[in-house]
$ cat entry_15.pdb   # PDB, C-alpha atoms, pLDDT in the B column
ATOM      1  CA  ASN A 982     149.049 275.447 253.013  1.00 57.00           C
ATOM      2  CA  TYR A 983     146.966 272.280 252.490  1.00 59.00           C
ATOM      3  CA  PHE A 984     149.303 271.001 249.730  1.00 60.00           C
ATOM      4  CA  ASP A 985     152.424 271.896 251.685  1.00 61.00           C
ATOM      5  CA  ASN A 986     151.305 269.624 254.507  1.00 61.00           C
ATOM      6  CA  LEU A 987     150.033 266.813 252.271  1.00 65.00           C
ATOM      7  CA  ASP A 988     152.380 263.813 252.210  1.00 68.00           C
ATOM      8  CA  VAL A 989     151.754 262.386 248.704  1.00 72.00           C
ATOM      9  CA  GLN A 990     154.961 260.379 248.627  1.00 76.00           C
ATOM     10  CA  ASP A 991     153.533 257.902 251.152  1.00 77.00           C
ATOM     11  CA  GLU A 992     150.408 257.531 249.032  1.00 77.00           C
ATOM     12  CA  ILE A 993     152.489 256.995 245.878  1.00 77.00           C
ATOM     13  CA  ASN A 994     154.656 254.398 247.632  1.00 78.00           C
ATOM     14  CA  ASN A 995     151.557 252.622 248.958  1.00 80.00           C
ATOM     15  CA  LYS A 996     149.977 252.549 245.492  1.00 80.00           C
ATOM     16  CA  LEU A 997     153.199 251.192 243.924  1.00 75.00           C
ATOM     17  CA  ASP A 998     153.439 248.510 246.628  1.00 80.00           C
ATOM     18  CA  GLU A 999     149.831 247.537 245.940  1.00 84.00           C
ATOM     19  CA  MET A1000     150.499 247.358 242.163  1.00 77.00           C
ATOM     20  CA  VAL A1001     153.528 245.119 242.743  1.00 76.00           C
ATOM     21  CA  GLU A1002     151.561 242.811 245.048  1.00 85.00           C
ATOM     22  CA  ASN A1003     148.554 242.401 242.754  1.00 85.00           C
ATOM     23  CA  GLY A1004     150.652 242.058 239.557  1.00 78.00           C
ATOM     24  CA  THR A1005     149.555 245.275 237.866  1.00 78.00           C
ATOM     25  CA  PHE A1006     153.108 246.628 237.857  1.00 66.00           C
ATOM     26  CA  ASP A1007     154.470 243.453 236.184  1.00 72.00           C
ATOM     27  CA  GLU A1008     151.648 243.633 233.635  1.00 75.00           C
ATOM     28  CA  ILE A1009     152.646 247.196 232.683  1.00 74.00           C
ATOM     29  CA  ILE A1010     156.367 246.442 232.445  1.00 70.00           C
ATOM     30  CA  ASN A1011     156.257 242.982 230.868  1.00 69.00           C
ATOM     31  CA  HIS A1012     153.411 243.410 228.455  1.00 67.00           C
ATOM     32  CA  THR A1013     153.164 247.049 227.590  1.00 64.00           C
ATOM     33  CA  LEU A1014     156.868 247.845 227.245  1.00 62.00           C
ATOM     34  CA  PHE A1015     158.319 244.468 226.262  1.00 60.00           C
ATOM     35  CA  ASP A1016     155.523 243.604 223.823  1.00 62.00           C
ATOM     36  CA  GLU A1017     156.279 246.792 221.915  1.00 63.00           C
ATOM     37  CA  LEU A1018     160.014 246.030 221.965  1.00 61.00           C
ATOM     38  CA  ASN A1019     159.451 242.411 220.887  1.00 57.00           C
ATOM     39  CA  ASN A1020     157.167 243.522 218.065  1.00 58.00           C
ATOM     40  CA  THR A1021     159.813 245.955 216.818  1.00 56.00           C
ATOM     41  CA  VAL A1022     162.520 243.269 216.926  1.00 52.00           C
ATOM     42  CA  SER A1023     160.206 240.837 215.127  1.00 51.00           C
ATOM     43  CA  ILE A1024     159.523 243.366 212.358  1.00 52.00           C
ATOM     44  CA  LEU A1025     163.260 243.989 211.895  1.00 51.00           C
ATOM     45  CA  ASN A1026     164.001 240.252 211.801  1.00 51.00           C
ATOM     46  CA  ASN A1027     161.279 239.733 209.191  1.00 49.00           C
ATOM     47  CA  GLN A1028     162.699 242.532 207.073  1.00 51.00           C
ATOM     48  CA  ILE A1029     166.110 240.830 207.099  1.00 55.00           C
ATOM     49  CA  ASN A1030     164.846 237.241 206.849  1.00 65.00           C
ATOM     50  CA  ASN A1031     162.436 238.016 204.013  1.00 85.00           C
ATOM     51  CA  LYS A1032     165.174 239.478 201.814  1.00 94.00           C
ATOM     52  CA  LYS A1033     166.572 237.568 198.889  1.00 96.00           C
ATOM     53  CA  TYR A1034     169.500 238.959 196.925  1.00 97.00           C
ATOM     54  CA  LEU A1035     170.815 238.408 193.439  1.00 98.00           C
ATOM     55  CA  PHE A1036     174.446 239.511 193.133  1.00 98.00           C
ATOM     56  CA  ILE A1037     175.655 240.071 189.561  1.00 98.00           C
ATOM     57  CA  GLY A1038     179.151 241.048 188.490  1.00 96.00           C
ATOM     58  CA  ASP A1039     182.318 240.474 186.541  1.00 94.00           C
ATOM     59  CA  SER A1040     185.572 238.801 187.600  1.00 91.00           C
ATOM     60  CA  TYR A1041     185.555 240.699 190.892  1.00 88.00           C
ATOM     61  CA  LEU A1042     182.412 238.738 191.796  1.00 93.00           C
ATOM     62  CA  ALA A1043     183.948 235.557 190.407  1.00 91.00           C
ATOM     63  CA  GLY A1044     186.788 235.987 192.924  1.00 88.00           C
ATOM     64  CA  TRP A1045     189.501 237.106 190.544  1.00 82.00           C
ATOM     65  CA  SER A1046     191.292 240.394 189.935  1.00 72.00           C
ATOM     66  CA  PRO A1047     194.525 241.392 188.193  1.00 68.00           C
ATOM     67  CA  ASP A1048     196.145 241.026 191.622  1.00 71.00           C
ATOM     68  CA  GLY A1049     195.061 237.380 192.014  1.00 73.00           C
ATOM     69  CA  THR A1050     192.212 235.411 193.580  1.00 77.00           C
ATOM     70  CA  TYR A1051     190.285 236.365 196.713  1.00 81.00           C
ATOM     71  CA  THR A1052     186.899 235.963 198.403  1.00 87.00           C
ATOM     72  CA  ASN A1053     184.372 237.588 196.090  1.00 91.00           C
ATOM     73  CA  TRP A1054     182.363 240.617 197.138  1.00 92.00           C
ATOM     74  CA  GLY A1055     179.032 238.722 196.967  1.00 95.00           C
ATOM     75  CA  GLU A1056     180.126 236.224 199.618  1.00 95.00           C
ATOM     76  CA  ILE A1057     181.493 239.067 201.768  1.00 93.00           C
ATOM     77  CA  CYS A1058     178.172 240.967 201.479  1.00 93.00           C
ATOM     78  CA  ALA A1059     176.140 237.849 202.290  1.00 95.00           C
ATOM     79  CA  THR A1060     178.268 237.162 205.360  1.00 95.00           C
ATOM     80  CA  ASN A1061     178.057 240.763 206.572  1.00 94.00           C
ATOM     81  CA  LEU A1062     174.272 240.794 206.068  1.00 93.00           C
ATOM     82  CA  GLY A1063     173.910 237.482 207.913  1.00 93.00           C
ATOM     83  CA  LEU A1064     172.235 235.806 204.932  1.00 95.00           C
ATOM     84  CA  THR A1065     171.700 232.086 204.682  1.00 94.00           C
ATOM     85  CA  SER A1066     172.642 230.304 201.469  1.00 94.00           C
ATOM     86  CA  SER A1067     168.962 230.278 200.422  1.00 95.00           C
ATOM     87  CA  GLN A1068     168.816 234.079 200.642  1.00 96.00           C
ATOM     88  CA  TYR A1069     171.188 234.913 197.816  1.00 96.00           C
ATOM     89  CA  ILE A1070     172.291 233.915 194.330  1.00 97.00           C
ATOM     90  CA  ILE A1071     175.603 234.835 192.709  1.00 97.00           C
ATOM     91  CA  LYS A1072     176.015 235.151 188.949  1.00 97.00           C
ATOM     92  CA  SER A1073     179.337 236.309 187.543  1.00 96.00           C
ATOM     93  CA  GLN A1074     181.426 236.235 184.420  1.00 94.00           C
ATOM     94  CA  GLY A1075     184.826 237.749 183.864  1.00 91.00           C
ATOM     95  CA  GLY A1076     185.224 240.345 181.129  1.00 91.00           C
ATOM     96  CA  ILE A1077     181.665 241.640 181.000  1.00 94.00           C
ATOM     97  CA  GLY A1078     179.877 244.779 182.166  1.00 94.00           C
ATOM     98  CA  PHE A1079     176.576 246.477 181.494  1.00 95.00           C
ATOM     99  CA  VAL A1080     177.766 247.119 177.922  1.00 94.00           C
ATOM    100  CA  ASN A1081     180.899 245.028 177.434  1.00 87.00           C
ATOM    101  CA  GLY A1082     180.672 241.397 176.361  1.00 81.00           C
ATOM    102  CA  ASP A1083     177.248 239.806 176.580  1.00 81.00           C
ATOM    103  CA  GLY A1084     176.372 242.325 179.259  1.00 91.00           C
ATOM    104  CA  PHE A1085     175.154 241.783 182.779  1.00 96.00           C
ATOM    105  CA  ILE A1086     171.693 241.220 181.311  1.00 96.00           C
ATOM    106  CA  SER A1087     172.912 237.816 180.085  1.00 96.00           C
ATOM    107  CA  LEU A1088     173.628 236.824 183.711  1.00 97.00           C
ATOM    108  CA  LEU A1089     170.228 238.133 184.760  1.00 96.00           C
ATOM    109  CA  ASN A1090     168.600 235.896 182.150  1.00 96.00           C
ATOM    110  CA  GLN A1091     170.291 232.827 183.656  1.00 96.00           C
ATOM    111  CA  VAL A1092     168.171 233.142 186.812  1.00 96.00           C
ATOM    112  CA  GLU A1093     164.624 231.788 186.869  1.00 94.00           C
ATOM    113  CA  ASP A1094     161.812 234.309 187.366  1.00 91.00           C
ATOM    114  CA  ASP A1095     161.324 234.704 191.102  1.00 87.00           C
ATOM    115  CA  ASN A1096     158.887 236.979 192.934  1.00 90.00           C
ATOM    116  CA  THR A1097     160.837 236.456 196.172  1.00 93.00           C
ATOM    117  CA  ILE A1098     163.968 238.295 194.993  1.00 96.00           C
ATOM    118  CA  THR A1099     163.897 241.662 196.756  1.00 97.00           C
ATOM    119  CA  ASP A1100     167.290 243.100 195.841  1.00 97.00           C
ATOM    120  CA  VAL A1101     169.452 242.883 192.735  1.00 98.00           C
ATOM    121  CA  VAL A1102     172.963 244.200 193.331  1.00 98.00           C
ATOM    122  CA  VAL A1103     175.182 244.702 190.290  1.00 97.00           C
ATOM    123  CA  CYS A1104     178.796 245.734 190.722  1.00 94.00           C
ATOM    124  CA  GLY A1105     181.282 246.020 187.933  1.00 90.00           C
ATOM    125  CA  GLY A1106     182.649 248.721 185.730  1.00 85.00           C
ATOM    126  CA  TYR A1107     186.231 247.974 184.872  1.00 84.00           C
ATOM    127  CA  ASN A1108     185.183 246.306 181.618  1.00 89.00           C
ATOM    128  CA  ASP A1109     182.954 249.272 180.661  1.00 89.00           C
ATOM    129  CA  ARG A1110     185.661 251.898 181.177  1.00 85.00           C
ATOM    130  CA  GLN A1111     185.936 252.693 177.444  1.00 87.00           C
ATOM    131  CA  LYS A1112     182.154 253.020 176.990  1.00 91.00           C
ATOM    132  CA  THR A1113     180.247 256.306 176.851  1.00 92.00           C
ATOM    133  CA  THR A1114     177.806 257.530 179.485  1.00 93.00           C
ATOM    134  CA  GLU A1115     175.018 257.136 176.939  1.00 95.00           C
ATOM    135  CA  GLN A1116     175.940 253.484 176.287  1.00 95.00           C
ATOM    136  CA  ILE A1117     176.055 252.730 180.011  1.00 94.00           C
ATOM    137  CA  THR A1118     172.787 254.611 180.677  1.00 96.00           C
ATOM    138  CA  ASN A1119     170.973 252.707 177.919  1.00 96.00           C
ATOM    139  CA  ALA A1120     172.379 249.367 179.100  1.00 96.00           C
ATOM    140  CA  ILE A1121     171.294 250.004 182.704  1.00 96.00           C
ATOM    141  CA  ALA A1122     167.813 251.020 181.458  1.00 96.00           C
ATOM    142  CA  ALA A1123     167.512 247.741 179.499  1.00 96.00           C
ATOM    143  CA  PHE A1124     168.825 245.766 182.476  1.00 96.00           C
ATOM    144  CA  LYS A1125     166.337 247.380 184.875  1.00 97.00           C
ATOM    145  CA  LEU A1126     163.423 246.759 182.509  1.00 96.00           C
ATOM    146  CA  ARG A1127     164.343 243.077 182.157  1.00 96.00           C
ATOM    147  CA  MET A1128     164.944 242.783 185.910  1.00 96.00           C
ATOM    148  CA  LEU A1129     161.450 244.084 186.697  1.00 96.00           C
ATOM    149  CA  GLU A1130     159.944 241.609 184.221  1.00 96.00           C
ATOM    150  CA  LYS A1131     161.690 238.729 185.985  1.00 96.00           C
ATOM    151  CA  PHE A1132     161.629 240.040 189.558  1.00 96.00           C
ATOM    152  CA  PRO A1133     158.767 242.550 189.935  1.00 95.00           C
ATOM    153  CA  ASN A1134     159.407 243.112 193.657  1.00 93.00           C
ATOM    154  CA  ALA A1135     163.134 243.786 193.345  1.00 96.00           C
ATOM    155  CA  LYS A1136     165.097 246.963 193.906  1.00 97.00           C
ATOM    156  CA  LEU A1137     168.202 247.591 191.785  1.00 97.00           C
ATOM    157  CA  SER A1138     171.433 248.804 193.352  1.00 97.00           C
ATOM    158  CA  VAL A1139     174.540 249.473 191.248  1.00 97.00           C
ATOM    159  CA  GLY A1140     178.149 249.922 192.280  1.00 94.00           C
ATOM    160  CA  CYS A1141     181.264 250.684 190.301  1.00 91.00           C
ATOM    161  CA  ILE A1142     184.210 248.535 191.340  1.00 84.00           C
ATOM    162  CA  GLY A1143     187.385 247.366 189.734  1.00 72.00           C
ATOM    163  CA  TRP A1144     190.532 249.381 189.814  1.00 69.00           C
ATOM    164  CA  SER A1145     194.030 249.185 188.471  1.00 65.00           C
ATOM    165  CA  SER A1146     197.425 250.204 189.713  1.00 68.00           C
ATOM    166  CA  ASP A1147     198.377 250.775 186.067  1.00 69.00           C
ATOM    167  CA  PRO A1148     198.827 254.579 185.794  1.00 69.00           C
ATOM    168  CA  THR A1149     197.639 254.561 182.178  1.00 70.00           C
ATOM    169  CA  LYS A1150     194.195 253.383 183.328  1.00 64.00           C
ATOM    170  CA  ILE A1151     193.645 255.665 186.308  1.00 63.00           C
ATOM    171  CA  TYR A1152     191.923 258.454 184.358  1.00 59.00           C
ATOM    172  CA  THR A1153     189.531 256.127 182.524  1.00 60.00           C
ATOM    173  CA  ASN A1154     188.677 254.379 185.791  1.00 67.00           C
ATOM    174  CA  SER A1155     187.934 257.572 187.729  1.00 71.00           C
ATOM    175  CA  ASN A1156     185.928 258.896 184.778  1.00 81.00           C
ATOM    176  CA  LEU A1157     183.985 255.609 184.760  1.00 85.00           C
ATOM    177  CA  VAL A1158     182.776 256.129 188.332  1.00 87.00           C
ATOM    178  CA  ARG A1159     181.116 259.390 187.263  1.00 88.00           C
ATOM    179  CA  LYS A1160     179.507 257.629 184.267  1.00 91.00           C
ATOM    180  CA  TYR A1161     178.103 254.899 186.532  1.00 91.00           C
ATOM    181  CA  ILE A1162     176.758 257.405 189.070  1.00 93.00           C
ATOM    182  CA  ASP A1163     175.072 259.519 186.387  1.00 93.00           C
ATOM    183  CA  SER A1164     173.672 256.489 184.538  1.00 94.00           C
ATOM    184  CA  THR A1165     172.315 254.942 187.731  1.00 93.00           C
ATOM    185  CA  GLU A1166     170.647 258.159 188.885  1.00 93.00           C
ATOM    186  CA  VAL A1167     169.044 258.782 185.459  1.00 93.00           C
ATOM    187  CA  ASN A1168     167.500 255.309 185.644  1.00 94.00           C
ATOM    188  CA  GLY A1169     166.163 255.786 189.186  1.00 94.00           C
ATOM    189  CA  CYS A1170     168.378 253.117 190.734  1.00 95.00           C
ATOM    190  CA  ASN A1171     170.291 253.114 193.987  1.00 95.00           C
ATOM    191  CA  TYR A1172     173.995 253.870 193.511  1.00 95.00           C
ATOM    192  CA  LEU A1173     176.296 252.222 196.057  1.00 94.00           C
ATOM    193  CA  HIS A1174     178.751 254.941 197.017  1.00 89.00           C
ATOM    194  CA  ASN A1175     182.079 253.932 198.587  1.00 74.00           C
TER
END
$ encode --input "entry_15.pdb" --output "structure tokens"
Amino acid sequence: NYFDNLDVQDEINNKLDEMVENGTFDEIINHTLFDELNNTVSILNNQINNKKYLFIGDSYLAGWSPDGTYTNWGEICATNLGLTSSQYIIKSQGGIGFVNGDGFISLLNQVEDDNTITDVVVCGGYNDRQKTTEQITNAIAAFKLRMLEKFPNAKLSVGCIGWSSDPTKIYTNSNLVRKYIDSTEVNGCNYLHN
């Protein structure tokens, strides 16, 4: 009966009015809630701003394909990630792959050792389409080892790109994707699906 007759809403309203007048309410909202939100945003910005990418690839990174020239995938990635020009390096050479030609490791060796590189992204494949899974696996293992010597804080991500409308190459290209996935997983790297 006592609680049924007790008007707590008036007391709550009075306390809230008092907190607004003396600034306690603003302190709770502005500092407690917004400080946490600002700290979270700051952490996310630092994670993005402290990234430095090395993009390595074949002619598709050089901006050329059998269908003609275009904006290369490294520039597209950098734009989509909101990177400044100091946050990424592009190294490309047509006709090479992990195994084919001088190999992507030759492009890796063209970049000075740099502890600030956080991500190495290698996309290619078309030029390795005739290679075995074992050859690709061994080449990725050698690449990763060299990468960690040069960039000890970097994470390696690998993607298989490069296609052909030539029906005689469709089987070798689709088979290549499986080789790249298997070789990347065996070496403990991140495979870039899709």
$ atom_distance --input "entry_15.pdb" --atom1 "atom CA of Gly1169 of chain A" --atom2 "atom CA of Gln1074 of chain A"
25.3 Å
$ closest_atom_pairs --input "entry_15.pdb" --of "segment 1055-1167 of chain A" --to "segment 1030-1043 of chain A" --cutoff "9 Å" --atoms "all atoms listed in the file" --output "JSON lines"
{"residue": "A:Gly1055", "atom": "CA", "partner": "A:Phe1036", "partner_atom": "CA", "distance": 6.0}
{"residue": "A:Glu1056", "atom": "CA", "partner": "A:Leu1042", "partner_atom": "CA", "distance": 8.5}
{"residue": "A:Ala1059", "atom": "CA", "partner": "A:Tyr1034", "partner_atom": "CA", "distance": 8.6}
{"residue": "A:Leu1064", "atom": "CA", "partner": "A:Asn1030", "partner_atom": "CA", "distance": 7.8}
{"residue": "A:Thr1065", "atom": "CA", "partner": "A:Asn1030", "partner_atom": "CA", "distance": 8.8}
{"residue": "A:Ser1067", "atom": "CA", "partner": "A:Lys1033", "partner_atom": "CA", "distance": 7.8}
{"residue": "A:Gln1068", "atom": "CA", "partner": "A:Lys1033", "partner_atom": "CA", "distance": 4.5}
{"residue": "A:Tyr1069", "atom": "CA", "partner": "A:Tyr1034", "partner_atom": "CA", "distance": 4.5}
{"residue": "A:Ile1070", "atom": "CA", "partner": "A:Leu1035", "partner_atom": "CA", "distance": 4.8}
{"residue": "A:Ile1071", "atom": "CA", "partner": "A:Phe1036", "partner_atom": "CA", "distance": 4.8}
{"residue": "A:Lys1072", "atom": "CA", "partner": "A:Ile1037", "partner_atom": "CA", "distance": 5.0}
{"residue": "A:Ser1073", "atom": "CA", "partner": "A:Gly1038", "partner_atom": "CA", "distance": 4.8}
{"residue": "A:Gln1074", "atom": "CA", "partner": "A:Asp1039", "partner_atom": "CA", "distance": 4.8}
{"residue": "A:Gly1075", "atom": "CA", "partner": "A:Ser1040", "partner_atom": "CA", "distance": 4.0}
{"residue": "A:Gly1076", "atom": "CA", "partner": "A:Asp1039", "partner_atom": "CA", "distance": 6.1}
{"residue": "A:Ile1077", "atom": "CA", "partner": "A:Asp1039", "partner_atom": "CA", "distance": 5.7}
{"residue": "A:Gly1078", "atom": "CA", "partner": "A:Asp1039", "partner_atom": "CA", "distance": 6.6}
{"residue": "A:Phe1085", "atom": "CA", "partner": "A:Gly1038", "partner_atom": "CA", "distance": 7.0}
{"residue": "A:Leu1088", "atom": "CA", "partner": "A:Ile1037", "partner_atom": "CA", "distance": 7.0}
{"residue": "A:Leu1089", "atom": "CA", "partner": "A:Ile1037", "partner_atom": "CA", "distance": 7.5}
{"residue": "A:Val1092", "atom": "CA", "partner": "A:Leu1035", "partner_atom": "CA", "distance": 8.9}
{"residue": "A:Thr1097", "atom": "CA", "partner": "A:Lys1033", "partner_atom": "CA", "distance": 6.4}
{"residue": "A:Ile1098", "atom": "CA", "partner": "A:Lys1033", "partner_atom": "CA", "distance": 4.7}
{"residue": "A:Thr1099", "atom": "CA", "partner": "A:Lys1033", "partner_atom": "CA", "distance": 5.3}
{"residue": "A:Asp1100", "atom": "CA", "partner": "A:Tyr1034", "partner_atom": "CA", "distance": 4.8}
{"residue": "A:Val1101", "atom": "CA", "partner": "A:Leu1035", "partner_atom": "CA", "distance": 4.7}
{"residue": "A:Val1102", "atom": "CA", "partner": "A:Phe1036", "partner_atom": "CA", "distance": 4.9}
{"residue": "A:Val1103", "atom": "CA", "partner": "A:Ile1037", "partner_atom": "CA", "distance": 4.7}
{"residue": "A:Cys1104", "atom": "CA", "partner": "A:Gly1038", "partner_atom": "CA", "distance": 5.2}
{"residue": "A:Gly1105", "atom": "CA", "partner": "A:Gly1038", "partner_atom": "CA", "distance": 5.4}
{"residue": "A:Gly1106", "atom": "CA", "partner": "A:Asp1039", "partner_atom": "CA", "distance": 8.3}
{"residue": "A:Tyr1107", "atom": "CA", "partner": "A:Asp1039", "partner_atom": "CA", "distance": 8.6}
{"residue": "A:Asn1108", "atom": "CA", "partner": "A:Asp1039", "partner_atom": "CA", "distance": 8.2}
{"residue": "A:Ala1135", "atom": "CA", "partner": "A:Tyr1034", "partner_atom": "CA", "distance": 8.8}
{"residue": "A:Ile1142", "atom": "CA", "partner": "A:Tyr1041", "partner_atom": "CA", "distance": 8.0}
{"residue": "A:Gly1143", "atom": "CA", "partner": "A:Tyr1041", "partner_atom": "CA", "distance": 7.0}
$ atom_distance --input "entry_15.pdb" --atom1 "atom CA of Val1167 of chain A" --atom2 "atom CA of Asp1109 of chain A"
17.5 Å
$ atom_distance --input "entry_15.pdb" --atom1 "atom CA of Asp991 of chain A" --atom2 "atom CA of Asp1007 of chain A"
20.8 Å
$ residues_around --input "entry_15.pdb" --residues "His1174 of chain A" --least-positions-apart "4" --cutoff "10 Å" --atoms "all atoms listed in the file" --output "ChimeraX atom specification"
/A:1139-1141,1158,1162
$ residues_around --input "entry_15.pdb" --residues "Pro1133 of chain A" --least-positions-apart "2" --cutoff "10 Å" --atoms "all atoms listed in the file" --output "ChimeraX atom specification"
/A:1094-1099,1126-1131,1135-1136
$ residues_near_point --input "entry_15.pdb" --point "(173.0, 246.2, 176.5)" --cutoff "9 Å" --atoms "all atoms listed in the file" --output "MDAnalysis selection string"
chainID A and resid 1079:1081 1083:1086 1116:1117 1119:1124
$ residues_around --input "entry_15.pdb" --residues "Thr1118 of chain A" --least-positions-apart "3" --cutoff "8 Å" --atoms "all atoms listed in the file" --output "ChimeraX atom specification"
/A:1114-1115,1121-1122,1161,1163-1165,1167-1168
$ build_atoms --input "entry_15.pdb" --residues "segment 1106-1117 of chain A" --atoms "N, CA, C and O atoms" --output "PDB file, keeping the file's coordinate frame"
ATOM      1  N   GLY A1106     182.240 247.434 186.264  1.00 85.00           N
ATOM      2  CA  GLY A1106     182.649 248.721 185.730  1.00 85.00           C
ATOM      3  C   GLY A1106     183.942 248.696 184.974  1.00 85.00           C
ATOM      4  O   GLY A1106     184.072 249.333 183.936  1.00 85.00           O
ATOM      5  N   TYR A1107     184.908 247.971 185.487  1.00 84.00           N
ATOM      6  CA  TYR A1107     186.231 247.974 184.872  1.00 84.00           C
ATOM      7  C   TYR A1107     186.145 247.662 183.382  1.00 84.00           C
ATOM      8  O   TYR A1107     186.804 248.296 182.565  1.00 84.00           O
ATOM      9  N   ASN A1108     185.292 246.729 183.020  1.00 89.00           N
ATOM     10  CA  ASN A1108     185.183 246.306 181.618  1.00 89.00           C
ATOM     11  C   ASN A1108     184.384 247.290 180.758  1.00 89.00           C
ATOM     12  O   ASN A1108     184.386 247.177 179.539  1.00 89.00           O
ATOM     13  N   ASP A1109     183.700 248.242 181.387  1.00 89.00           N
ATOM     14  CA  ASP A1109     182.954 249.272 180.661  1.00 89.00           C
ATOM     15  C   ASP A1109     183.706 250.598 180.601  1.00 89.00           C
ATOM     16  O   ASP A1109     183.159 251.600 180.154  1.00 89.00           O
ATOM     17  N   ARG A1110     184.952 250.620 181.021  1.00 85.00           N
ATOM     18  CA  ARG A1110     185.661 251.898 181.177  1.00 85.00           C
ATOM     19  C   ARG A1110     185.822 252.674 179.878  1.00 85.00           C
ATOM     20  O   ARG A1110     185.947 253.886 179.902  1.00 85.00           O
ATOM     21  N   GLN A1111     185.796 252.006 178.737  1.00 87.00           N
ATOM     22  CA  GLN A1111     185.936 252.693 177.444  1.00 87.00           C
ATOM     23  C   GLN A1111     184.585 253.089 176.848  1.00 87.00           C
ATOM     24  O   GLN A1111     184.541 253.688 175.782  1.00 87.00           O
ATOM     25  N   LYS A1112     183.490 252.753 177.519  1.00 91.00           N
ATOM     26  CA  LYS A1112     182.154 253.020 176.990  1.00 91.00           C
ATOM     27  C   LYS A1112     181.710 254.434 177.362  1.00 91.00           C
ATOM     28  O   LYS A1112     182.174 255.019 178.330  1.00 91.00           O
ATOM     29  N   THR A1113     180.763 254.959 176.599  1.00 92.00           N
ATOM     30  CA  THR A1113     180.247 256.306 176.851  1.00 92.00           C
ATOM     31  C   THR A1113     179.176 256.266 177.932  1.00 92.00           C
ATOM     32  O   THR A1113     178.592 255.208 178.211  1.00 92.00           O
ATOM     33  N   THR A1114     178.883 257.428 178.499  1.00 93.00           N
ATOM     34  CA  THR A1114     177.806 257.530 179.485  1.00 93.00           C
ATOM     35  C   THR A1114     176.490 257.102 178.862  1.00 93.00           C
ATOM     36  O   THR A1114     175.691 256.403 179.489  1.00 93.00           O
ATOM     37  N   GLU A1115     176.262 257.497 177.628  1.00 95.00           N
ATOM     38  CA  GLU A1115     175.018 257.136 176.939  1.00 95.00           C
ATOM     39  C   GLU A1115     174.897 255.616 176.790  1.00 95.00           C
ATOM     40  O   GLU A1115     173.819 255.048 177.027  1.00 95.00           O
ATOM     41  N   GLN A1116     175.975 254.949 176.427  1.00 95.00           N
ATOM     42  CA  GLN A1116     175.940 253.484 176.287  1.00 95.00           C
ATOM     43  C   GLN A1116     175.630 252.821 177.634  1.00 95.00           C
ATOM     44  O   GLN A1116     174.821 251.887 177.706  1.00 95.00           O
ATOM     45  N   ILE A1117     176.268 253.311 178.676  1.00 94.00           N
ATOM     46  CA  ILE A1117     176.055 252.730 180.011  1.00 94.00           C
ATOM     47  C   ILE A1117     174.632 253.010 180.485  1.00 94.00           C
ATOM     48  O   ILE A1117     173.954 252.129 181.015  1.00 94.00           O
TER      49      ILE A1117
END
